[in-house]
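Visitor: Structure file run19.txt (compact mmCIF, N, CA and C atoms) is given on the next line.
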```
# COMPACT_ATOMS: atom_id res chain seq x y z
N MET P 15 26.37 -0.34 -9.41
CA MET P 15 25.66 -0.81 -10.58
C MET P 15 26.42 -0.36 -11.82
N ALA P 16 26.63 -1.28 -12.72
CA ALA P 16 27.32 -0.97 -13.97
C ALA P 16 26.42 -0.12 -14.85
N THR P 17 27.00 0.77 -15.56
CA THR P 17 26.23 1.64 -16.45
C THR P 17 26.77 1.53 -17.87
N VAL P 18 25.95 1.95 -18.81
CA VAL P 18 26.36 2.04 -20.21
C VAL P 18 26.01 3.43 -20.70
N THR P 19 26.69 3.86 -21.70
CA THR P 19 26.41 5.16 -22.30
C THR P 19 25.63 4.94 -23.58
N LEU P 20 24.54 5.66 -23.72
CA LEU P 20 23.72 5.62 -24.93
C LEU P 20 23.75 6.99 -25.57
N SER P 21 23.56 7.02 -26.86
CA SER P 21 23.47 8.31 -27.53
C SER P 21 22.24 8.30 -28.43
N LEU P 22 21.71 9.49 -28.67
CA LEU P 22 20.56 9.61 -29.57
C LEU P 22 20.63 10.96 -30.25
N ARG P 23 19.95 11.02 -31.35
CA ARG P 23 19.90 12.28 -32.10
C ARG P 23 18.52 12.89 -31.93
N ILE P 24 18.52 14.17 -31.56
CA ILE P 24 17.28 14.92 -31.45
C ILE P 24 17.46 16.24 -32.18
N THR P 25 16.35 16.87 -32.49
CA THR P 25 16.44 18.16 -33.18
C THR P 25 16.93 19.23 -32.22
N GLN P 26 17.38 20.33 -32.79
CA GLN P 26 17.83 21.45 -31.95
C GLN P 26 16.67 21.98 -31.12
N ALA P 27 15.48 22.00 -31.69
CA ALA P 27 14.30 22.48 -30.95
C ALA P 27 14.03 21.58 -29.75
N GLU P 28 14.16 20.27 -29.93
CA GLU P 28 13.96 19.34 -28.82
C GLU P 28 15.03 19.54 -27.74
N ALA P 29 16.27 19.79 -28.15
CA ALA P 29 17.36 20.02 -27.21
C ALA P 29 17.10 21.28 -26.39
N ARG P 30 16.59 22.31 -27.05
CA ARG P 30 16.27 23.56 -26.33
C ARG P 30 15.15 23.31 -25.32
N LYS P 31 14.14 22.54 -25.71
CA LYS P 31 13.04 22.22 -24.79
C LYS P 31 13.56 21.46 -23.57
N LEU P 32 14.44 20.49 -23.81
CA LEU P 32 15.02 19.72 -22.71
C LEU P 32 15.80 20.64 -21.77
N LYS P 33 16.57 21.54 -22.32
CA LYS P 33 17.36 22.45 -21.50
C LYS P 33 16.45 23.32 -20.65
N ARG P 34 15.38 23.86 -21.26
CA ARG P 34 14.43 24.69 -20.50
C ARG P 34 13.72 23.89 -19.42
N LEU P 35 13.30 22.69 -19.77
CA LEU P 35 12.60 21.86 -18.80
C LEU P 35 13.50 21.47 -17.64
N ALA P 36 14.73 21.07 -17.96
CA ALA P 36 15.68 20.70 -16.91
C ALA P 36 15.90 21.87 -15.95
N ALA P 37 16.05 23.06 -16.48
CA ALA P 37 16.25 24.23 -15.64
C ALA P 37 15.00 24.50 -14.80
N ALA P 38 13.84 24.34 -15.41
CA ALA P 38 12.58 24.61 -14.70
C ALA P 38 12.35 23.67 -13.53
N VAL P 39 12.78 22.42 -13.66
CA VAL P 39 12.57 21.46 -12.58
C VAL P 39 13.81 21.28 -11.70
N GLY P 40 14.85 22.02 -12.00
CA GLY P 40 16.05 22.01 -11.17
C GLY P 40 16.92 20.77 -11.31
N LEU P 41 16.96 20.22 -12.50
CA LEU P 41 17.78 19.04 -12.76
C LEU P 41 18.76 19.34 -13.88
N ASP P 42 19.84 18.57 -13.92
CA ASP P 42 20.69 18.67 -15.10
C ASP P 42 20.03 17.85 -16.21
N ARG P 43 20.42 18.09 -17.42
CA ARG P 43 19.77 17.44 -18.56
C ARG P 43 19.90 15.92 -18.52
N SER P 44 21.04 15.42 -18.10
CA SER P 44 21.24 13.98 -18.03
C SER P 44 20.27 13.32 -17.05
N THR P 45 20.11 13.91 -15.89
CA THR P 45 19.19 13.36 -14.88
C THR P 45 17.76 13.43 -15.38
N LEU P 46 17.40 14.52 -16.00
CA LEU P 46 16.05 14.65 -16.56
C LEU P 46 15.80 13.57 -17.60
N LEU P 47 16.76 13.34 -18.47
CA LEU P 47 16.61 12.31 -19.50
C LEU P 47 16.48 10.91 -18.90
N LYS P 48 17.30 10.61 -17.87
CA LYS P 48 17.21 9.31 -17.22
C LYS P 48 15.85 9.12 -16.56
N GLN P 49 15.37 10.13 -15.86
CA GLN P 49 14.06 10.02 -15.22
C GLN P 49 12.95 9.86 -16.26
N SER P 50 13.03 10.61 -17.32
CA SER P 50 12.02 10.53 -18.38
C SER P 50 12.03 9.18 -19.07
N LEU P 51 13.20 8.64 -19.31
CA LEU P 51 13.32 7.33 -19.94
C LEU P 51 12.73 6.24 -19.04
N ARG P 52 13.03 6.31 -17.75
CA ARG P 52 12.48 5.32 -16.81
C ARG P 52 10.95 5.40 -16.77
N ARG P 53 10.43 6.61 -16.69
CA ARG P 53 8.97 6.77 -16.67
C ARG P 53 8.33 6.29 -17.96
N GLY P 54 8.95 6.63 -19.07
CA GLY P 54 8.42 6.21 -20.36
C GLY P 54 8.41 4.70 -20.52
N CYS P 55 9.49 4.06 -20.10
CA CYS P 55 9.56 2.59 -20.19
C CYS P 55 8.51 1.96 -19.29
N ALA P 56 8.33 2.50 -18.09
CA ALA P 56 7.31 1.96 -17.18
C ALA P 56 5.92 2.11 -17.78
N ASP P 57 5.67 3.24 -18.42
CA ASP P 57 4.37 3.46 -19.07
C ASP P 57 4.14 2.46 -20.21
N VAL P 58 5.16 2.24 -21.01
CA VAL P 58 5.03 1.29 -22.13
C VAL P 58 4.80 -0.12 -21.62
N LEU P 59 5.53 -0.52 -20.58
CA LEU P 59 5.32 -1.85 -19.99
C LEU P 59 3.89 -2.00 -19.49
N PHE P 60 3.38 -0.98 -18.79
CA PHE P 60 2.03 -1.03 -18.26
C PHE P 60 1.00 -1.09 -19.38
N GLU P 61 1.16 -0.26 -20.39
CA GLU P 61 0.22 -0.26 -21.51
C GLU P 61 0.21 -1.59 -22.24
N THR P 62 1.38 -2.18 -22.44
CA THR P 62 1.47 -3.48 -23.10
C THR P 62 0.81 -4.56 -22.26
N ALA P 63 1.05 -4.54 -20.97
CA ALA P 63 0.44 -5.53 -20.07
C ALA P 63 -1.09 -5.37 -20.07
N CYS P 64 -1.57 -4.13 -20.05
CA CYS P 64 -3.01 -3.89 -20.06
C CYS P 64 -3.64 -4.39 -21.36
N GLU P 65 -2.97 -4.16 -22.45
CA GLU P 65 -3.52 -4.59 -23.74
C GLU P 65 -3.62 -6.11 -23.83
N THR P 66 -2.60 -6.81 -23.37
CA THR P 66 -2.67 -8.26 -23.41
C THR P 66 -3.72 -8.79 -22.43
N TYR P 67 -3.89 -8.12 -21.29
CA TYR P 67 -4.94 -8.49 -20.34
C TYR P 67 -6.32 -8.22 -20.93
N ARG P 68 -6.46 -7.07 -21.59
CA ARG P 68 -7.72 -6.70 -22.23
C ARG P 68 -8.15 -7.74 -23.26
N ARG P 69 -7.20 -8.25 -24.01
CA ARG P 69 -7.49 -9.26 -25.04
C ARG P 69 -7.68 -10.66 -24.45
N GLY P 70 -7.47 -10.80 -23.15
CA GLY P 70 -7.64 -12.09 -22.50
C GLY P 70 -6.50 -13.05 -22.73
N GLU P 71 -5.35 -12.54 -23.14
CA GLU P 71 -4.20 -13.39 -23.43
C GLU P 71 -3.41 -13.77 -22.19
N VAL P 72 -3.55 -12.97 -21.13
CA VAL P 72 -2.82 -13.25 -19.88
C VAL P 72 -3.75 -13.02 -18.70
N THR P 73 -3.38 -13.62 -17.58
CA THR P 73 -4.12 -13.38 -16.34
C THR P 73 -3.71 -12.03 -15.77
N LEU P 74 -4.46 -11.58 -14.80
CA LEU P 74 -4.11 -10.33 -14.13
C LEU P 74 -2.74 -10.44 -13.46
N SER P 75 -2.49 -11.58 -12.87
CA SER P 75 -1.20 -11.80 -12.22
C SER P 75 -0.05 -11.70 -13.22
N ARG P 76 -0.21 -12.30 -14.37
CA ARG P 76 0.83 -12.24 -15.41
C ARG P 76 0.98 -10.82 -15.95
N ALA P 77 -0.14 -10.12 -16.11
CA ALA P 77 -0.07 -8.73 -16.58
C ALA P 77 0.72 -7.88 -15.58
N ALA P 78 0.49 -8.11 -14.29
CA ALA P 78 1.24 -7.37 -13.27
C ALA P 78 2.73 -7.66 -13.39
N GLU P 79 3.08 -8.92 -13.60
CA GLU P 79 4.49 -9.28 -13.78
C GLU P 79 5.07 -8.57 -15.00
N MET P 80 4.32 -8.57 -16.09
CA MET P 80 4.79 -7.92 -17.32
C MET P 80 5.04 -6.43 -17.10
N ALA P 81 4.19 -5.81 -16.29
CA ALA P 81 4.30 -4.37 -16.02
C ALA P 81 5.29 -4.07 -14.90
N ASP P 82 5.87 -5.12 -14.33
CA ASP P 82 6.80 -4.99 -13.20
C ASP P 82 6.13 -4.28 -12.02
N LEU P 83 4.87 -4.70 -11.75
CA LEU P 83 4.09 -4.15 -10.64
C LEU P 83 3.63 -5.27 -9.74
N SER P 84 3.34 -4.92 -8.50
CA SER P 84 2.70 -5.90 -7.63
C SER P 84 1.27 -6.09 -8.12
N LEU P 85 0.67 -7.19 -7.74
CA LEU P 85 -0.72 -7.44 -8.12
C LEU P 85 -1.62 -6.35 -7.58
N ARG P 86 -1.36 -5.93 -6.35
CA ARG P 86 -2.16 -4.85 -5.74
C ARG P 86 -2.07 -3.55 -6.56
N GLU P 87 -0.85 -3.18 -6.93
CA GLU P 87 -0.66 -1.96 -7.71
C GLU P 87 -1.33 -2.07 -9.08
N MET P 88 -1.26 -3.25 -9.68
CA MET P 88 -1.91 -3.45 -10.98
C MET P 88 -3.41 -3.25 -10.85
N VAL P 89 -4.01 -3.83 -9.83
CA VAL P 89 -5.46 -3.68 -9.61
C VAL P 89 -5.81 -2.21 -9.42
N LEU P 90 -5.01 -1.50 -8.66
CA LEU P 90 -5.28 -0.09 -8.40
C LEU P 90 -5.18 0.77 -9.65
N ARG P 91 -4.34 0.36 -10.58
CA ARG P 91 -4.13 1.16 -11.80
C ARG P 91 -5.05 0.78 -12.95
N LEU P 92 -5.81 -0.30 -12.81
CA LEU P 92 -6.67 -0.76 -13.91
C LEU P 92 -7.64 0.32 -14.38
N SER P 93 -8.29 1.00 -13.46
CA SER P 93 -9.30 1.98 -13.86
C SER P 93 -8.68 3.12 -14.65
N ARG P 94 -7.46 3.50 -14.32
CA ARG P 94 -6.78 4.55 -15.09
C ARG P 94 -6.53 4.13 -16.52
N ALA P 95 -6.47 2.82 -16.75
CA ALA P 95 -6.25 2.29 -18.09
C ALA P 95 -7.57 1.98 -18.79
N GLY P 96 -8.68 2.32 -18.12
CA GLY P 96 -9.98 2.06 -18.72
C GLY P 96 -10.38 0.59 -18.68
N LEU P 97 -9.81 -0.14 -17.74
CA LEU P 97 -10.10 -1.57 -17.62
C LEU P 97 -10.86 -1.85 -16.33
N GLU P 98 -11.68 -2.87 -16.39
CA GLU P 98 -12.36 -3.35 -15.19
C GLU P 98 -11.73 -4.66 -14.78
N LEU P 99 -11.77 -4.92 -13.50
CA LEU P 99 -11.23 -6.17 -13.00
C LEU P 99 -12.11 -7.31 -13.47
N SER P 100 -11.52 -8.22 -14.18
CA SER P 100 -12.23 -9.39 -14.67
C SER P 100 -11.45 -10.60 -14.15
N TYR P 101 -11.82 -11.02 -12.97
CA TYR P 101 -11.03 -12.05 -12.29
C TYR P 101 -11.97 -13.08 -11.71
N GLY P 102 -12.00 -14.24 -12.33
CA GLY P 102 -12.90 -15.30 -11.90
C GLY P 102 -12.17 -16.41 -11.17
N THR P 103 -12.92 -17.44 -10.84
CA THR P 103 -12.34 -18.55 -10.10
C THR P 103 -11.28 -19.29 -10.91
N GLU P 104 -11.46 -19.35 -12.21
CA GLU P 104 -10.45 -19.99 -13.05
C GLU P 104 -9.14 -19.22 -13.02
N ASP P 105 -9.24 -17.88 -13.04
CA ASP P 105 -8.03 -17.05 -12.95
C ASP P 105 -7.33 -17.28 -11.61
N LEU P 106 -8.12 -17.34 -10.53
CA LEU P 106 -7.55 -17.59 -9.21
C LEU P 106 -6.84 -18.94 -9.18
N ARG P 107 -7.46 -19.95 -9.73
CA ARG P 107 -6.86 -21.28 -9.75
C ARG P 107 -5.51 -21.25 -10.48
N ARG P 108 -5.47 -20.60 -11.64
CA ARG P 108 -4.21 -20.52 -12.41
C ARG P 108 -3.14 -19.79 -11.63
N ASP P 109 -3.53 -18.68 -10.97
CA ASP P 109 -2.55 -17.91 -10.20
C ASP P 109 -2.03 -18.70 -9.01
N LEU P 110 -2.88 -19.50 -8.38
CA LEU P 110 -2.46 -20.28 -7.24
C LEU P 110 -1.54 -21.43 -7.63
N GLU P 111 -1.63 -21.89 -8.86
CA GLU P 111 -0.78 -22.97 -9.34
C GLU P 111 0.66 -22.52 -9.55
N LYS P 112 0.90 -21.24 -9.64
CA LYS P 112 2.25 -20.72 -9.90
C LYS P 112 3.16 -20.88 -8.72
```
When written as structure tokens, how does the structure in this file appear?
Guide:
Amino acid sequence: MATVTLSLRITQAEARKLKRLAAAVGLDRSTLLKQSLRRGCADVLFETACETYRRGEVTLSRAAEMADLSLREMVLRLSRAGLELSYGTEDLRRDLEK
């Protein structure tokens, strides 16, 4: 897999925290940053998908796609986002048309 190098500026205090955290979890700083970035991006995708689903702008199936989750995983995570499953026959029809 091709990679790219990114750079960012953080405060010295943030750098010290990263160094301590990396040591505490037994990772080098680069690996810790990559894992944290991946988790953060996944969280943002999920939150964005939930918000559009909450507003009724997308179906549950589309929200799952937006969050890069399976439909099953999306359903399982809804309660953690404070959402209830709102899936009617019209939603099913739209999902089946895809």
Visitor: I need the residues of chain P that end up classed as helix (DSSP H, G or I) by DSSP on the backbone, written out as a ChimeraX atom specification.
Guide: /P:26-39,43-68,74-80,85-95,103-111
Visitor: What is the atom C of Leu92 in chain P to atom C of Ala77 in chain P distance in Å?
Guide: 11.8 Å
Visitor: Pick from P:Leu83, P:Leu110, P:Val18, P:Ile24: nearest to Asp57 in chain P, with only C-alpha atoms counted?
Guide: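 Closest residue, counting only C-alpha atoms: P:Leu83.
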Visitor: Would you compute the distance between atom C of Thr62 in chain P and atom N of Ala78 in chain P? Give it in Å to one decimal.
Guide: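 Atom N of Ala78 in chain P lies at a distance of 8.7 Å from atom C of Thr62 in chain P.
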Visitor: Please compute the atom C of Leu46 in chain P-atom N of Lys33 in chain P distance, one decimal, in Å.
Guide: 9.3 Å
Visitor: Need to verify the contact set: Leu74 in chain P, 10 Å, only C-alpha atoms, exclusion of same-chain residues closer than 2 positions in sequence. Can you return it as a compact mmCIF listing (two decimals) with N, CA and C atoms, keeping the file's coordinate frame?
Guide:
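As a result, around_36.txt now contains:
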```txt
# COMPACT_ATOMS: atom_id res chain seq x y z
N ALA P 63 1.05 -4.54 -20.97
CA ALA P 63 0.44 -5.53 -20.07
C ALA P 63 -1.09 -5.37 -20.07
N CYS P 64 -1.57 -4.13 -20.05
CA CYS P 64 -3.01 -3.89 -20.06
C CYS P 64 -3.64 -4.39 -21.36
N THR P 66 -2.60 -6.81 -23.37
CA THR P 66 -2.67 -8.26 -23.41
C THR P 66 -3.72 -8.79 -22.43
N TYR P 67 -3.89 -8.12 -21.29
CA TYR P 67 -4.94 -8.49 -20.34
C TYR P 67 -6.32 -8.22 -20.93
N ARG P 68 -6.46 -7.07 -21.59
CA ARG P 68 -7.72 -6.70 -22.23
C ARG P 68 -8.15 -7.74 -23.26
N GLY P 70 -7.47 -10.80 -23.15
CA GLY P 70 -7.64 -12.09 -22.50
C GLY P 70 -6.50 -13.05 -22.73
N GLU P 71 -5.35 -12.54 -23.14
CA GLU P 71 -4.20 -13.39 -23.43
C GLU P 71 -3.41 -13.77 -22.19
N VAL P 72 -3.55 -12.97 -21.13
CA VAL P 72 -2.82 -13.25 -19.88
C VAL P 72 -3.75 -13.02 -18.70
N ARG P 76 -0.21 -12.30 -14.37
CA ARG P 76 0.83 -12.24 -15.41
C ARG P 76 0.98 -10.82 -15.95
N ALA P 77 -0.14 -10.12 -16.11
CA ALA P 77 -0.07 -8.73 -16.58
C ALA P 77 0.72 -7.88 -15.58
N ALA P 78 0.49 -8.11 -14.29
CA ALA P 78 1.24 -7.37 -13.27
C ALA P 78 2.73 -7.66 -13.39
N GLU P 79 3.08 -8.92 -13.60
CA GLU P 79 4.49 -9.28 -13.78
C GLU P 79 5.07 -8.57 -15.00
N MET P 80 4.32 -8.57 -16.09
CA MET P 80 4.79 -7.92 -17.32
C MET P 80 5.04 -6.43 -17.10
N LEU P 85 0.67 -7.19 -7.74
CA LEU P 85 -0.72 -7.44 -8.12
C LEU P 85 -1.62 -6.35 -7.58
N MET P 88 -1.26 -3.25 -9.68
CA MET P 88 -1.91 -3.45 -10.98
C MET P 88 -3.41 -3.25 -10.85
N VAL P 89 -4.01 -3.83 -9.83
CA VAL P 89 -5.46 -3.68 -9.61
C VAL P 89 -5.81 -2.21 -9.42
N LEU P 92 -5.81 -0.30 -12.81
CA LEU P 92 -6.67 -0.76 -13.91
C LEU P 92 -7.64 0.32 -14.38
N LEU P 99 -11.77 -4.92 -13.50
CA LEU P 99 -11.23 -6.17 -13.00
C LEU P 99 -12.11 -7.31 -13.47
N SER P 100 -11.52 -8.22 -14.18
CA SER P 100 -12.23 -9.39 -14.67
C SER P 100 -11.45 -10.60 -14.15
N TYR P 101 -11.82 -11.02 -12.97
CA TYR P 101 -11.03 -12.05 -12.29
C TYR P 101 -11.97 -13.08 -11.71
N ASP P 105 -9.24 -17.88 -13.04
CA ASP P 105 -8.03 -17.05 -12.95
C ASP P 105 -7.33 -17.28 -11.61
N LEU P 106 -8.12 -17.34 -10.53
CA LEU P 106 -7.55 -17.59 -9.21
C LEU P 106 -6.84 -18.94 -9.18
N ASP P 109 -3.53 -18.68 -10.97
CA ASP P 109 -2.55 -17.91 -10.20
C ASP P 109 -2.03 -18.70 -9.01
```
Visitor: As a PDB file with N, CA and C atoms, keeping the file's coordinate frame, please: the residues near Leu20 in chain P (cut-off 12 Å, only C-alpha atoms, same-chain neighbours under 5 positions excluded).
Guide:
```pdb
ATOM      1  N   SER P  44      21.040  15.420 -18.100  1.00  0.00           N
ATOM      2  CA  SER P  44      21.240  13.980 -18.030  1.00  0.00           C
ATOM      3  C   SER P  44      20.270  13.320 -17.050  1.00  0.00           C
ATOM      4  N   LEU P  47      16.760  13.340 -18.470  1.00  0.00           N
ATOM      5  CA  LEU P  47      16.610  12.310 -19.500  1.00  0.00           C
ATOM      6  C   LEU P  47      16.480  10.910 -18.900  1.00  0.00           C
ATOM      7  N   LYS P  48      17.300  10.610 -17.870  1.00  0.00           N
ATOM      8  CA  LYS P  48      17.210   9.310 -17.220  1.00  0.00           C
ATOM      9  C   LYS P  48      15.850   9.120 -16.560  1.00  0.00           C
ATOM     10  N   LEU P  51      13.200   8.640 -19.310  1.00  0.00           N
ATOM     11  CA  LEU P  51      13.320   7.330 -19.940  1.00  0.00           C
ATOM     12  C   LEU P  51      12.730   6.240 -19.040  1.00  0.00           C
TER      13      LEU P  51
END
```
Visitor: Using only C-alpha atoms, which of the listed residues (P:Glu28, P:Ala16, P:Arg53, P:Glu61) sits closest to Arg94 in chain P?
Guide: P:Glu61
Visitor: Can you put N, CA, C and O atoms back into range 60-80 of chain P and show it as a PDB file, in the coordinates of the input?
Guide:
```
ATOM      1  N   PHE P  60       3.380  -0.980 -18.790  1.00  0.00           N
ATOM      2  CA  PHE P  60       2.030  -1.030 -18.260  1.00  0.00           C
ATOM      3  C   PHE P  60       1.000  -1.090 -19.380  1.00  0.00           C
ATOM      4  O   PHE P  60       0.074  -1.900 -19.347  1.00  0.00           O
ATOM      5  N   GLU P  61       1.160  -0.260 -20.390  1.00  0.00           N
ATOM      6  CA  GLU P  61       0.220  -0.260 -21.510  1.00  0.00           C
ATOM      7  C   GLU P  61       0.210  -1.590 -22.240  1.00  0.00           C
ATOM      8  O   GLU P  61      -0.847  -2.103 -22.616  1.00  0.00           O
ATOM      9  N   THR P  62       1.380  -2.180 -22.440  1.00  0.00           N
ATOM     10  CA  THR P  62       1.470  -3.480 -23.100  1.00  0.00           C
ATOM     11  C   THR P  62       0.810  -4.560 -22.260  1.00  0.00           C
ATOM     12  O   THR P  62       0.050  -5.388 -22.785  1.00  0.00           O
ATOM     13  N   ALA P  63       1.050  -4.540 -20.970  1.00  0.00           N
ATOM     14  CA  ALA P  63       0.440  -5.530 -20.070  1.00  0.00           C
ATOM     15  C   ALA P  63      -1.090  -5.370 -20.070  1.00  0.00           C
ATOM     16  O   ALA P  63      -1.821  -6.361 -20.124  1.00  0.00           O
ATOM     17  N   CYS P  64      -1.570  -4.130 -20.050  1.00  0.00           N
ATOM     18  CA  CYS P  64      -3.010  -3.890 -20.060  1.00  0.00           C
ATOM     19  C   CYS P  64      -3.640  -4.390 -21.360  1.00  0.00           C
ATOM     20  O   CYS P  64      -4.737  -4.972 -21.348  1.00  0.00           O
ATOM     21  N   GLU P  65      -2.970  -4.160 -22.450  1.00  0.00           N
ATOM     22  CA  GLU P  65      -3.520  -4.590 -23.740  1.00  0.00           C
ATOM     23  C   GLU P  65      -3.620  -6.110 -23.830  1.00  0.00           C
ATOM     24  O   GLU P  65      -4.617  -6.644 -24.297  1.00  0.00           O
ATOM     25  N   THR P  66      -2.600  -6.810 -23.370  1.00  0.00           N
ATOM     26  CA  THR P  66      -2.670  -8.260 -23.410  1.00  0.00           C
ATOM     27  C   THR P  66      -3.720  -8.790 -22.430  1.00  0.00           C
ATOM     28  O   THR P  66      -4.396  -9.781 -22.719  1.00  0.00           O
ATOM     29  N   TYR P  67      -3.890  -8.120 -21.290  1.00  0.00           N
ATOM     30  CA  TYR P  67      -4.940  -8.490 -20.340  1.00  0.00           C
ATOM     31  C   TYR P  67      -6.320  -8.220 -20.930  1.00  0.00           C
ATOM     32  O   TYR P  67      -7.223  -9.037 -20.832  1.00  0.00           O
ATOM     33  N   ARG P  68      -6.460  -7.070 -21.590  1.00  0.00           N
ATOM     34  CA  ARG P  68      -7.720  -6.700 -22.230  1.00  0.00           C
ATOM     35  C   ARG P  68      -8.150  -7.740 -23.260  1.00  0.00           C
ATOM     36  O   ARG P  68      -9.326  -8.069 -23.374  1.00  0.00           O
ATOM     37  N   ARG P  69      -7.200  -8.250 -24.010  1.00  0.00           N
ATOM     38  CA  ARG P  69      -7.490  -9.260 -25.040  1.00  0.00           C
ATOM     39  C   ARG P  69      -7.680 -10.660 -24.450  1.00  0.00           C
ATOM     40  O   ARG P  69      -7.995 -11.600 -25.173  1.00  0.00           O
ATOM     41  N   GLY P  70      -7.470 -10.800 -23.150  1.00  0.00           N
ATOM     42  CA  GLY P  70      -7.640 -12.090 -22.500  1.00  0.00           C
ATOM     43  C   GLY P  70      -6.500 -13.050 -22.730  1.00  0.00           C
ATOM     44  O   GLY P  70      -6.636 -14.253 -22.516  1.00  0.00           O
ATOM     45  N   GLU P  71      -5.350 -12.540 -23.140  1.00  0.00           N
ATOM     46  CA  GLU P  71      -4.200 -13.390 -23.430  1.00  0.00           C
ATOM     47  C   GLU P  71      -3.410 -13.770 -22.190  1.00  0.00           C
ATOM     48  O   GLU P  71      -2.656 -14.748 -22.212  1.00  0.00           O
ATOM     49  N   VAL P  72      -3.550 -12.970 -21.130  1.00  0.00           N
ATOM     50  CA  VAL P  72      -2.820 -13.250 -19.880  1.00  0.00           C
ATOM     51  C   VAL P  72      -3.750 -13.020 -18.700  1.00  0.00           C
ATOM     52  O   VAL P  72      -4.748 -12.307 -18.796  1.00  0.00           O
ATOM     53  N   THR P  73      -3.380 -13.620 -17.580  1.00  0.00           N
ATOM     54  CA  THR P  73      -4.120 -13.380 -16.340  1.00  0.00           C
ATOM     55  C   THR P  73      -3.710 -12.030 -15.770  1.00  0.00           C
ATOM     56  O   THR P  73      -2.700 -11.446 -16.178  1.00  0.00           O
ATOM     57  N   LEU P  74      -4.460 -11.580 -14.800  1.00  0.00           N
ATOM     58  CA  LEU P  74      -4.110 -10.330 -14.130  1.00  0.00           C
ATOM     59  C   LEU P  74      -2.740 -10.440 -13.460  1.00  0.00           C
ATOM     60  O   LEU P  74      -1.942  -9.510 -13.526  1.00  0.00           O
ATOM     61  N   SER P  75      -2.490 -11.580 -12.870  1.00  0.00           N
ATOM     62  CA  SER P  75      -1.200 -11.800 -12.220  1.00  0.00           C
ATOM     63  C   SER P  75      -0.050 -11.700 -13.220  1.00  0.00           C
ATOM     64  O   SER P  75       0.968 -11.054 -12.952  1.00  0.00           O
ATOM     65  N   ARG P  76      -0.210 -12.300 -14.370  1.00  0.00           N
ATOM     66  CA  ARG P  76       0.830 -12.240 -15.410  1.00  0.00           C
ATOM     67  C   ARG P  76       0.980 -10.820 -15.950  1.00  0.00           C
ATOM     68  O   ARG P  76       2.094 -10.366 -16.210  1.00  0.00           O
ATOM     69  N   ALA P  77      -0.140 -10.120 -16.110  1.00  0.00           N
ATOM     70  CA  ALA P  77      -0.070  -8.730 -16.580  1.00  0.00           C
ATOM     71  C   ALA P  77       0.720  -7.880 -15.580  1.00  0.00           C
ATOM     72  O   ALA P  77       1.523  -7.031 -15.981  1.00  0.00           O
ATOM     73  N   ALA P  78       0.490  -8.110 -14.290  1.00  0.00           N
ATOM     74  CA  ALA P  78       1.240  -7.370 -13.270  1.00  0.00           C
ATOM     75  C   ALA P  78       2.730  -7.660 -13.390  1.00  0.00           C
ATOM     76  O   ALA P  78       3.552  -6.739 -13.304  1.00  0.00           O
ATOM     77  N   GLU P  79       3.080  -8.920 -13.600  1.00  0.00           N
ATOM     78  CA  GLU P  79       4.490  -9.280 -13.780  1.00  0.00           C
ATOM     79  C   GLU P  79       5.070  -8.570 -15.000  1.00  0.00           C
ATOM     80  O   GLU P  79       6.190  -8.058 -14.954  1.00  0.00           O
ATOM     81  N   MET P  80       4.320  -8.570 -16.090  1.00  0.00           N
ATOM     82  CA  MET P  80       4.790  -7.920 -17.320  1.00  0.00           C
ATOM     83  C   MET P  80       5.040  -6.430 -17.100  1.00  0.00           C
ATOM     84  O   MET P  80       5.971  -5.861 -17.666  1.00  0.00           O
TER      85      MET P  80
END
```
